[in-house]
>>> print(open('start00.cif').read())   # mmCIF, C-alpha atoms
data_query
loop_
_atom_site.label_atom_id
_atom_site.label_comp_id
_atom_site.auth_asym_id
_atom_site.auth_seq_id
_atom_site.Cartn_x
_atom_site.Cartn_y
_atom_site.Cartn_z
CA MET A 1 -22.93 25.58 -7.37
CA PHE A 2 -20.19 23.33 -8.70
CA SER A 3 -18.33 24.31 -11.81
CA GLN A 4 -18.35 22.46 -15.08
CA THR A 5 -14.74 21.51 -14.39
CA VAL A 6 -15.66 19.83 -11.11
CA GLU A 7 -18.54 17.97 -12.76
CA TYR A 8 -16.30 16.77 -15.58
CA ALA A 9 -13.52 15.68 -13.24
CA LEU A 10 -15.99 13.64 -11.19
CA ARG A 11 -17.40 12.04 -14.33
CA ALA A 12 -13.96 11.11 -15.62
CA MET A 13 -12.89 9.59 -12.32
CA ALA A 14 -16.15 7.67 -11.93
CA CYS A 15 -15.69 6.36 -15.44
CA LEU A 16 -12.13 5.21 -14.76
CA ALA A 17 -13.27 3.61 -11.50
CA LEU A 18 -15.60 1.32 -13.45
CA GLU A 19 -12.59 -0.45 -14.94
CA PRO A 20 -9.71 0.38 -12.61
CA GLU A 21 -7.39 -2.24 -14.03
CA GLU A 22 -7.80 -1.11 -17.63
CA ARG A 23 -6.39 1.84 -19.48
CA THR A 24 -9.06 3.96 -21.12
CA SER A 25 -8.24 6.16 -24.08
CA SER A 26 -9.06 9.84 -23.80
CA SER A 27 -11.41 9.57 -26.77
CA ALA A 28 -13.36 6.77 -25.09
CA LEU A 29 -13.46 8.78 -21.88
CA ALA A 30 -14.70 11.84 -23.74
CA GLU A 31 -17.47 9.85 -25.34
CA ARG A 32 -18.59 8.08 -22.19
CA THR A 33 -18.54 11.16 -20.01
CA GLN A 34 -19.99 13.44 -22.70
CA VAL A 35 -17.21 15.94 -22.15
CA PRO A 36 -15.68 17.88 -25.07
CA SER A 37 -12.23 16.42 -25.85
CA ASP A 38 -10.28 19.65 -25.42
CA TYR A 39 -11.91 20.39 -22.11
CA LEU A 40 -11.42 16.82 -20.92
CA ALA A 41 -7.72 16.92 -21.85
CA LYS A 42 -7.19 19.84 -19.46
CA VAL A 43 -9.13 18.15 -16.70
CA LEU A 44 -7.16 14.93 -17.12
CA GLN A 45 -3.95 16.91 -16.95
CA GLN A 46 -5.03 18.38 -13.62
CA LEU A 47 -6.02 14.97 -12.28
CA ALA A 48 -2.68 13.53 -13.38
CA GLY A 49 -0.86 16.49 -11.85
CA ALA A 50 -2.53 15.72 -8.55
CA GLY A 51 -1.38 12.11 -8.79
CA LEU A 52 -4.87 10.64 -9.05
CA ILE A 53 -4.50 9.16 -12.52
CA GLU A 54 -1.64 8.24 -14.78
CA GLY A 55 -1.58 8.35 -18.54
CA ARG A 56 0.47 6.43 -21.06
CA ARG A 57 0.88 7.28 -24.72
CA GLY A 58 0.88 4.98 -27.70
CA VAL A 59 -0.69 1.64 -28.50
CA GLY A 60 -2.46 0.23 -25.48
CA GLY A 61 -2.07 3.59 -23.79
CA GLY A 62 -4.69 5.68 -22.05
CA TYR A 63 -5.55 6.62 -18.51
CA LYS A 64 -6.06 4.63 -15.37
CA LEU A 65 -6.42 5.41 -11.68
CA SER A 66 -3.15 5.69 -9.76
CA ARG A 67 -4.73 4.10 -6.71
CA SER A 68 -7.63 1.76 -6.20
CA PRO A 69 -11.16 3.23 -6.18
CA GLU A 70 -11.50 2.79 -2.42
CA GLU A 71 -8.39 4.88 -1.86
CA ILE A 72 -9.67 7.94 -3.69
CA ASN A 73 -12.52 9.98 -2.30
CA LEU A 74 -14.57 12.58 -4.11
CA LEU A 75 -12.92 15.40 -2.21
CA ASP A 76 -9.55 14.30 -3.60
CA VAL A 77 -11.03 14.66 -7.08
CA ILE A 78 -12.53 18.08 -6.46
CA ASN A 79 -9.41 19.36 -4.74
CA ALA A 80 -7.36 18.31 -7.75
CA VAL A 81 -9.22 20.74 -9.99
CA GLU A 82 -10.79 23.40 -7.75
CA PRO A 83 -9.81 23.06 -4.11
CA LEU A 84 -12.59 23.56 -1.61
CA GLN A 85 -11.33 25.92 1.00
CA ARG A 86 -12.74 26.64 4.42
CA ILE A 87 -12.88 30.28 5.49
CA THR A 88 -10.26 30.68 8.18
CA SER A 89 -10.16 34.44 8.54
CA CYS A 90 -12.31 37.44 7.69
CA PRO A 91 -12.48 37.80 3.88
CA LEU A 92 -12.59 41.58 4.35
CA ASN A 93 -9.46 41.50 6.50
CA LEU A 94 -11.27 43.40 9.23
CA GLU A 95 -8.82 43.51 12.09
CA SER A 96 -11.59 43.35 14.61
CA HIS A 97 -12.74 40.04 13.12
CA GLY A 98 -9.56 38.22 12.13
CA PRO A 99 -9.95 34.50 12.75
CA ASN A 100 -13.22 35.10 14.61
CA LEU A 101 -15.62 34.95 11.70
CA CYS A 102 -18.72 37.10 11.77
CA PRO A 103 -22.07 35.28 11.69
CA LEU A 104 -22.29 35.65 7.91
CA HIS A 105 -18.95 34.10 7.10
CA ARG A 106 -19.43 31.52 9.81
CA ARG A 107 -22.51 30.31 7.94
CA VAL A 108 -20.79 30.35 4.57
CA ASP A 109 -17.95 28.36 6.13
CA ARG A 110 -20.43 25.92 7.65
CA ALA A 111 -21.90 25.29 4.21
CA ILE A 112 -18.43 24.63 2.78
CA LYS A 113 -17.65 22.32 5.70
CA GLN A 114 -20.75 20.25 5.04
CA VAL A 115 -19.93 19.92 1.37
CA ILE A 116 -16.41 18.80 2.25
CA GLU A 117 -17.84 16.18 4.59
CA VAL A 118 -20.19 14.79 1.94
CA PHE A 119 -17.39 14.39 -0.58
CA GLU A 120 -14.75 13.28 1.88
CA GLY A 121 -17.08 10.54 3.05
CA SER A 122 -17.46 8.95 -0.37
CA THR A 123 -14.82 7.01 -2.23
CA LEU A 124 -14.97 6.14 -5.91
CA ARG A 125 -15.71 2.60 -4.76
CA ASP A 126 -18.83 3.82 -2.97
CA LEU A 127 -20.14 5.15 -6.26
CA LEU A 128 -20.19 1.67 -7.68
CA SER A 129 -22.15 0.06 -4.91
CA GLY A 130 -24.94 2.53 -4.22
CA ASP A 131 -26.18 3.66 -0.86
CA ALA A 132 -27.69 1.42 1.74
CA GLY A 133 -31.41 1.93 1.64
CA ASP A 134 -31.56 2.86 -2.02
CA GLU A 135 -34.48 1.44 -3.89
CA TRP A 136 -32.66 1.73 -7.11
CA VAL A 137 -29.00 1.60 -7.94
CA SER A 138 -27.37 2.52 -11.19
CA VAL A 139 -23.77 2.80 -12.18
CA PRO A 140 -22.47 6.34 -12.61
CA LEU A 141 -22.71 7.91 -16.03
CA CYS A 142 -20.46 6.59 -18.77
CA ASP A 143 -21.61 4.45 -21.61
CA LYS A 144 -25.35 4.14 -22.04
CA ARG A 145 -25.23 0.50 -22.98
CA GLN A 146 -23.05 -0.24 -20.01
CA ALA A 147 -25.35 1.69 -17.74
CA VAL A 148 -28.34 -0.26 -18.96
CA ALA A 149 -26.55 -3.56 -18.68
CA LEU A 150 -25.36 -2.87 -15.17
CA THR A 151 -28.54 -1.32 -13.85
CA VAL A 152 -29.86 -3.43 -11.05
CA ASN A 153 -32.77 -3.27 -8.72
CA VAL A 154 -31.88 -4.00 -5.18
CA ALA A 155 -34.24 -4.74 -2.38
CA LYS A 156 -34.84 -1.69 -0.26
CA LYS A 157 -33.10 -2.00 3.06
CA GLY A 158 -34.77 -0.63 6.14
CA MET B 1 -17.06 27.24 -3.88
CA PHE B 2 -19.24 30.32 -3.92
CA SER B 3 -18.70 32.95 -6.54
CA GLN B 4 -17.57 36.47 -5.95
CA THR B 5 -21.07 37.60 -6.92
CA VAL B 6 -22.64 35.49 -4.17
CA GLU B 7 -20.15 36.78 -1.61
CA TYR B 8 -20.79 40.38 -2.62
CA ALA B 9 -24.57 39.97 -2.59
CA LEU B 10 -24.42 38.53 0.93
CA ARG B 11 -22.17 41.36 2.09
CA ALA B 12 -24.48 44.00 0.64
CA MET B 13 -27.57 42.47 2.20
CA ALA B 14 -25.88 42.04 5.58
CA CYS B 15 -24.82 45.64 5.42
CA LEU B 16 -28.33 46.87 4.64
CA ALA B 17 -29.70 44.68 7.43
CA LEU B 18 -27.61 46.59 9.96
CA GLU B 19 -29.77 49.66 9.38
CA PRO B 20 -32.96 48.36 7.83
CA GLU B 21 -34.88 51.57 8.30
CA GLU B 22 -32.28 53.75 6.61
CA ARG B 23 -31.41 54.21 2.99
CA THR B 24 -27.75 53.59 2.26
CA SER B 25 -26.09 55.14 -0.76
CA SER B 26 -24.40 52.81 -3.19
CA SER B 27 -21.07 54.54 -2.55
CA ALA B 28 -21.37 53.95 1.20
CA LEU B 29 -22.32 50.33 0.53
CA ALA B 30 -19.35 49.89 -1.79
CA GLU B 31 -17.00 51.25 0.84
CA ARG B 32 -18.39 49.25 3.72
CA THR B 33 -18.56 45.98 1.83
CA GLN B 34 -15.24 46.50 0.03
CA VAL B 35 -16.87 45.76 -3.30
CA PRO B 36 -15.86 47.63 -6.48
CA SER B 37 -18.62 50.14 -7.35
CA ASP B 38 -19.31 48.83 -10.85
CA TYR B 39 -19.54 45.27 -9.66
CA LEU B 40 -21.74 46.25 -6.74
CA ALA B 41 -24.09 48.18 -9.04
CA LYS B 42 -24.81 45.00 -11.00
CA VAL B 43 -25.33 42.97 -7.84
CA LEU B 44 -27.71 45.58 -6.43
CA GLN B 45 -29.64 45.53 -9.67
CA GLN B 46 -30.08 41.76 -9.35
CA LEU B 47 -31.15 42.05 -5.73
CA ALA B 48 -33.65 44.78 -6.64
CA GLY B 49 -34.90 42.69 -9.56
CA ALA B 50 -35.62 39.87 -7.14
CA GLY B 51 -37.58 42.24 -4.93
CA LEU B 52 -35.21 42.00 -1.97
CA ILE B 53 -34.16 45.64 -1.94
CA GLU B 54 -35.47 48.87 -3.34
CA GLY B 55 -33.50 51.83 -4.52
CA ARG B 56 -34.39 55.50 -4.77
CA ARG B 57 -32.48 58.12 -6.68
CA GLY B 58 -31.66 61.67 -5.69
CA VAL B 59 -31.12 63.44 -2.39
CA GLY B 60 -31.83 61.13 0.53
CA GLY B 61 -31.88 58.24 -1.91
CA GLY B 62 -30.09 54.93 -1.71
CA TYR B 63 -30.98 51.34 -1.02
CA LYS B 64 -32.93 49.64 1.71
CA LEU B 65 -34.34 46.19 2.30
CA SER B 66 -37.81 45.59 0.89
CA ARG B 67 -38.74 43.41 3.86
CA SER B 68 -37.52 43.23 7.41
CA PRO B 69 -34.29 41.30 8.11
CA GLU B 70 -36.17 38.39 9.68
CA GLU B 71 -38.19 37.94 6.51
CA ILE B 72 -35.20 37.46 4.23
CA ASN B 73 -33.04 34.38 4.50
CA LEU B 74 -29.62 33.85 3.00
CA LEU B 75 -30.98 31.48 0.39
CA ASP B 76 -33.24 34.27 -0.91
CA VAL B 77 -30.13 36.38 -1.37
CA ILE B 78 -28.14 33.69 -3.15
CA ASN B 79 -31.06 32.71 -5.34
CA ALA B 80 -31.42 36.33 -6.43
CA VAL B 81 -27.97 36.29 -8.01
CA GLU B 82 -27.05 32.65 -8.69
CA PRO B 83 -29.86 30.24 -7.93
CA LEU B 84 -28.84 27.05 -6.16
CA GLN B 85 -30.42 24.21 -8.01
CA ARG B 86 -30.89 20.64 -6.88
CA ILE B 87 -30.14 17.93 -9.43
CA THR B 88 -33.47 16.44 -10.40
CA SER B 89 -32.48 14.32 -13.37
CA CYS B 90 -29.37 12.79 -14.88
CA PRO B 91 -27.09 15.60 -16.12
CA LEU B 92 -26.01 13.33 -18.96
CA ASN B 93 -29.60 12.67 -19.98
CA LEU B 94 -29.03 8.95 -19.77
CA GLU B 95 -32.41 7.42 -20.38
CA SER B 96 -31.64 4.56 -18.07
CA HIS B 97 -31.06 7.01 -15.22
CA GLY B 98 -33.60 9.76 -15.73
CA PRO B 99 -34.86 10.99 -12.36
CA ASN B 100 -33.10 8.11 -10.60
CA LEU B 101 -29.75 9.70 -10.00
CA CYS B 102 -26.64 7.57 -10.06
CA PRO B 103 -24.61 7.42 -6.85
CA LEU B 104 -22.31 10.18 -8.08
CA HIS B 105 -24.99 12.72 -8.83
CA ARG B 106 -26.91 11.67 -5.75
CA ARG B 107 -23.91 12.75 -3.67
CA VAL B 108 -23.47 16.00 -5.54
CA ASP B 109 -27.16 16.68 -5.03
CA ARG B 110 -26.85 15.85 -1.32
CA ALA B 111 -24.09 18.43 -1.00
CA ILE B 112 -26.26 21.05 -2.71
CA LYS B 113 -29.18 20.13 -0.45
CA GLN B 114 -27.09 20.65 2.66
CA VAL B 115 -25.91 24.03 1.47
CA ILE B 116 -29.50 25.04 0.75
CA GLU B 117 -30.48 24.01 4.26
CA VAL B 118 -27.72 26.04 5.87
CA PHE B 119 -28.70 29.18 4.02
CA GLU B 120 -32.43 28.66 4.19
CA GLY B 121 -32.14 28.29 7.93
CA SER B 122 -30.56 31.70 8.47
CA THR B 123 -32.27 35.03 8.11
CA LEU B 124 -30.49 38.36 7.87
CA ARG B 125 -31.70 38.96 11.42
CA ASP B 126 -29.83 35.88 12.58
CA LEU B 127 -26.61 37.42 11.31
CA LEU B 128 -26.98 40.28 13.74
CA SER B 129 -27.45 38.20 16.82
CA GLY B 130 -24.82 35.48 16.51
CA ASP B 131 -25.27 31.80 17.19
CA ALA B 132 -26.21 30.32 20.49
CA GLY B 133 -23.08 28.92 22.02
CA ASP B 134 -20.74 31.36 20.36
CA GLU B 135 -17.96 32.60 22.55
CA TRP B 136 -17.57 35.66 20.48
CA VAL B 137 -20.03 37.58 18.39
CA SER B 138 -19.27 40.27 15.88
CA VAL B 139 -21.45 42.11 13.44
CA PRO B 140 -21.02 41.12 9.81
CA LEU B 141 -18.49 42.99 7.75
CA CYS B 142 -19.21 46.61 6.88
CA ASP B 143 -17.54 49.54 8.45
CA LYS B 144 -14.55 48.78 10.62
CA ARG B 145 -15.40 51.41 13.19
CA GLN B 146 -18.92 50.15 13.38
CA ALA B 147 -17.71 46.59 13.73
CA VAL B 148 -15.43 47.56 16.57
CA ALA B 149 -18.12 49.60 18.26
CA LEU B 150 -20.67 46.84 18.02
CA THR B 151 -18.39 43.95 18.88
CA VAL B 152 -19.61 42.35 22.02
CA ASN B 153 -18.56 39.47 24.14
CA VAL B 154 -21.39 37.27 25.18
CA ALA B 155 -21.34 34.64 27.82
CA LYS B 156 -20.89 31.23 26.30
CA LYS B 157 -24.08 29.25 26.48
CA GLY B 158 -23.86 25.55 27.12
#
>>> encode(input="start00.cif", output="structure tokens")
Amino acid sequence: MFSQTVEYALRAMACLALEPEERTSSSALAERTQVPSDYLAKVLQQLAGAGLIEGRRGVGGGYKLSRSPEEINLLDVINAVEPLQRITSCPLNLESHGPNLCPLHRRVDRAIKQVIEVFEGSTLRDLLSGDAGDEWVSVPLCDKRQAVALTVNVAKKG
Amino acid sequence: MFSQTVEYALRAMACLALEPEERTSSSALAERTQVPSDYLAKVLQQLAGAGLIEGRRGVGGGYKLSRSPEEINLLDVINAVEPLQRITSCPLNLESHGPNLCPLHRRVDRAIKQVIEVFEGSTLRDLLSGDAGDEWVSVPLCDKRQAVALTVNVAKKG
């Protein structure tokens, strides 16, 4: 349902959120997120264009988040690469429908609305702390060793 | 968020649901759904392959639903052309994650789950009757004249 580009953008941002104060080289990002370098370069360009990350060339260069992880939600990330758009008027331009969606497009729009709500309600910071009630919490993707090292079992709440 | 193919498949099925007893020619379907004929032909083939519609050639031929509109939900339609799939294991194949999704993929999966629920909860019949509480009900897409003729105002419930 979500494109490869969206998946890769989310991976890259989650990876940068793990070390928000550090700059991460694009080659390290590519390795940790398992995204082909060329593809990742385009995604990073889109994320930078949207002001979510900033890159610096040269020694000690690389990418870092432009804002702190709690100030970037997943919808920001998705909208930077493939904006999620509600349906605001009849896609067939039927005059008799106009802004009053028919039952079909009302349902499609409802599905989009729910997806927006899920992603809008989660910041990059939330990805690092797990959900309340989770039996098991891991850190998003990135480096295997890191994932293993950071994997923790938390007591189930509720 | 949804592909053109999904949109076109939903339009075609909604259109056939308007007259479930009749056969509709592919040219009439193309006109009413505003879908290019070649593109529609491929979509209809997928829908027929999934057993949702059946076509007959020759005079009096055309397409009709294989089951009644209340026996086909929108998820059936989408799954016939581009199956919606939950995330059941780590997309990066991280051994330390496996079936225990990280917070990122858990959220992506939650979004997919909600979309599945919206579409699974609506049959083609539901599209013809509007939602309870709607101020305004129209018939999905298809022929403008038909849409105008069938547009009704219903008293707002609740």
>>> atom_distance(input="start00.cif", atom1="atom CA of Leu101 of chain B", atom2="atom CA of Arg32 of chain A")
16.6 Å
>>> residues_around(input="start00.cif", residues="Ala48 of chain B", least_positions_apart="6", cutoff="9 Å", atoms="only C-alpha atoms", output="PDB file with C-alpha atoms, keeping the file's coordinate frame")
ATOM      1  CA  GLU B  54     -35.470  48.870  -3.340  1.00  0.00           C
ATOM      2  CA  GLY B  55     -33.500  51.830  -4.520  1.00  0.00           C
ATOM      3  CA  SER B  66     -37.810  45.590   0.890  1.00  0.00           C
ATOM      4  CA  ALA B  80     -31.420  36.330  -6.430  1.00  0.00           C
TER       5      ALA B  80
END
>>> resolve_selection(input="start00.cif", expression="the PyMOL selection byres ((chain A and resi 106) around 10)", output="list in words")
Arg86, Ile87, Thr88, Ser89, Cys90, Asn100, Leu101, Cys102, Pro103, Leu104, His105, Arg107, Val108, Asp109, Arg110, Ala111 and Ile112 of chain A; Leu127, Gly130, Asp131 and Pro140 of chain B
>>> closest_residue(input="start00.cif", among="B:Arg23, B:Val115, B:Pro91, B:Thr33", to="Tyr8 of chain A", atoms="all atoms listed in the file")
B:Pro91
>>> resolve_selection(input="start00.cif", expression="the PyMOL selection byres ((chain B and resi 51) around 12)", output="PDB file with C-alpha atoms, in the coordinates of the input")
ATOM      1  CA  LEU B  44     -27.710  45.580  -6.430  1.00  0.00           C
ATOM      2  CA  GLN B  45     -29.640  45.530  -9.670  1.00  0.00           C
ATOM      3  CA  GLN B  46     -30.080  41.760  -9.350  1.00  0.00           C
ATOM      4  CA  LEU B  47     -31.150  42.050  -5.730  1.00  0.00           C
ATOM      5  CA  ALA B  48     -33.650  44.780  -6.640  1.00  0.00           C
ATOM      6  CA  GLY B  49     -34.900  42.690  -9.560  1.00  0.00           C
ATOM      7  CA  ALA B  50     -35.620  39.870  -7.140  1.00  0.00           C
ATOM      8  CA  LEU B  52     -35.210  42.000  -1.970  1.00  0.00           C
ATOM      9  CA  ILE B  53     -34.160  45.640  -1.940  1.00  0.00           C
ATOM     10  CA  GLU B  54     -35.470  48.870  -3.340  1.00  0.00           C
ATOM     11  CA  GLY B  55     -33.500  51.830  -4.520  1.00  0.00           C
ATOM     12  CA  TYR B  63     -30.980  51.340  -1.020  1.00  0.00           C
ATOM     13  CA  LYS B  64     -32.930  49.640   1.710  1.00  0.00           C
ATOM     14  CA  LEU B  65     -34.340  46.190   2.300  1.00  0.00           C
ATOM     15  CA  SER B  66     -37.810  45.590   0.890  1.00  0.00           C
ATOM     16  CA  ARG B  67     -38.740  43.410   3.860  1.00  0.00           C
ATOM     17  CA  ILE B  72     -35.200  37.460   4.230  1.00  0.00           C
ATOM     18  CA  ASP B  76     -33.240  34.270  -0.910  1.00  0.00           C
ATOM     19  CA  VAL B  77     -30.130  36.380  -1.370  1.00  0.00           C
ATOM     20  CA  ASN B  79     -31.060  32.710  -5.340  1.00  0.00           C
ATOM     21  CA  ALA B  80     -31.420  36.330  -6.430  1.00  0.00           C
ATOM     22  CA  VAL B  81     -27.970  36.290  -8.010  1.00  0.00           C
TER      23      VAL B  81
END
>>> closest_residue(input="start00.cif", among="B:Thr123, B:Gly60, B:Leu40, B:Leu84", to="chain A", atoms="all atoms listed in the file")
B:Leu84
>>> residues_around(input="start00.cif", residues="Asn73 of chain B", least_positions_apart="6", cutoff="7 Å", atoms="all atoms listed in the file", output="PyMOL selection string")
chain B and resi 119-120+122-124
>>> resolve_selection(input="start00.cif", expression="the PyMOL selection byres ((chain B and resi 26) around 8)", output="NGL selection string")
:B and (24-25 or 27-30 or 37 or 40-41 or 62-63)
>>> atom_distance(input="start00.cif", atom1="atom CA of Pro99 of chain B", atom2="atom CA of Gln85 of chain B")
14.6 Å
>>> atom_distance(input="start00.cif", atom1="atom CA of Val6 of chain B", atom2="atom CA of Ile78 of chain B")
5.9 Å
>>> residues_around(input="start00.cif", residues="Arg125 of chain A", least_positions_apart="3", cutoff="7 Å", atoms="all atoms listed in the file", output="PyMOL selection string")
chain A and resi 69-70+128-129
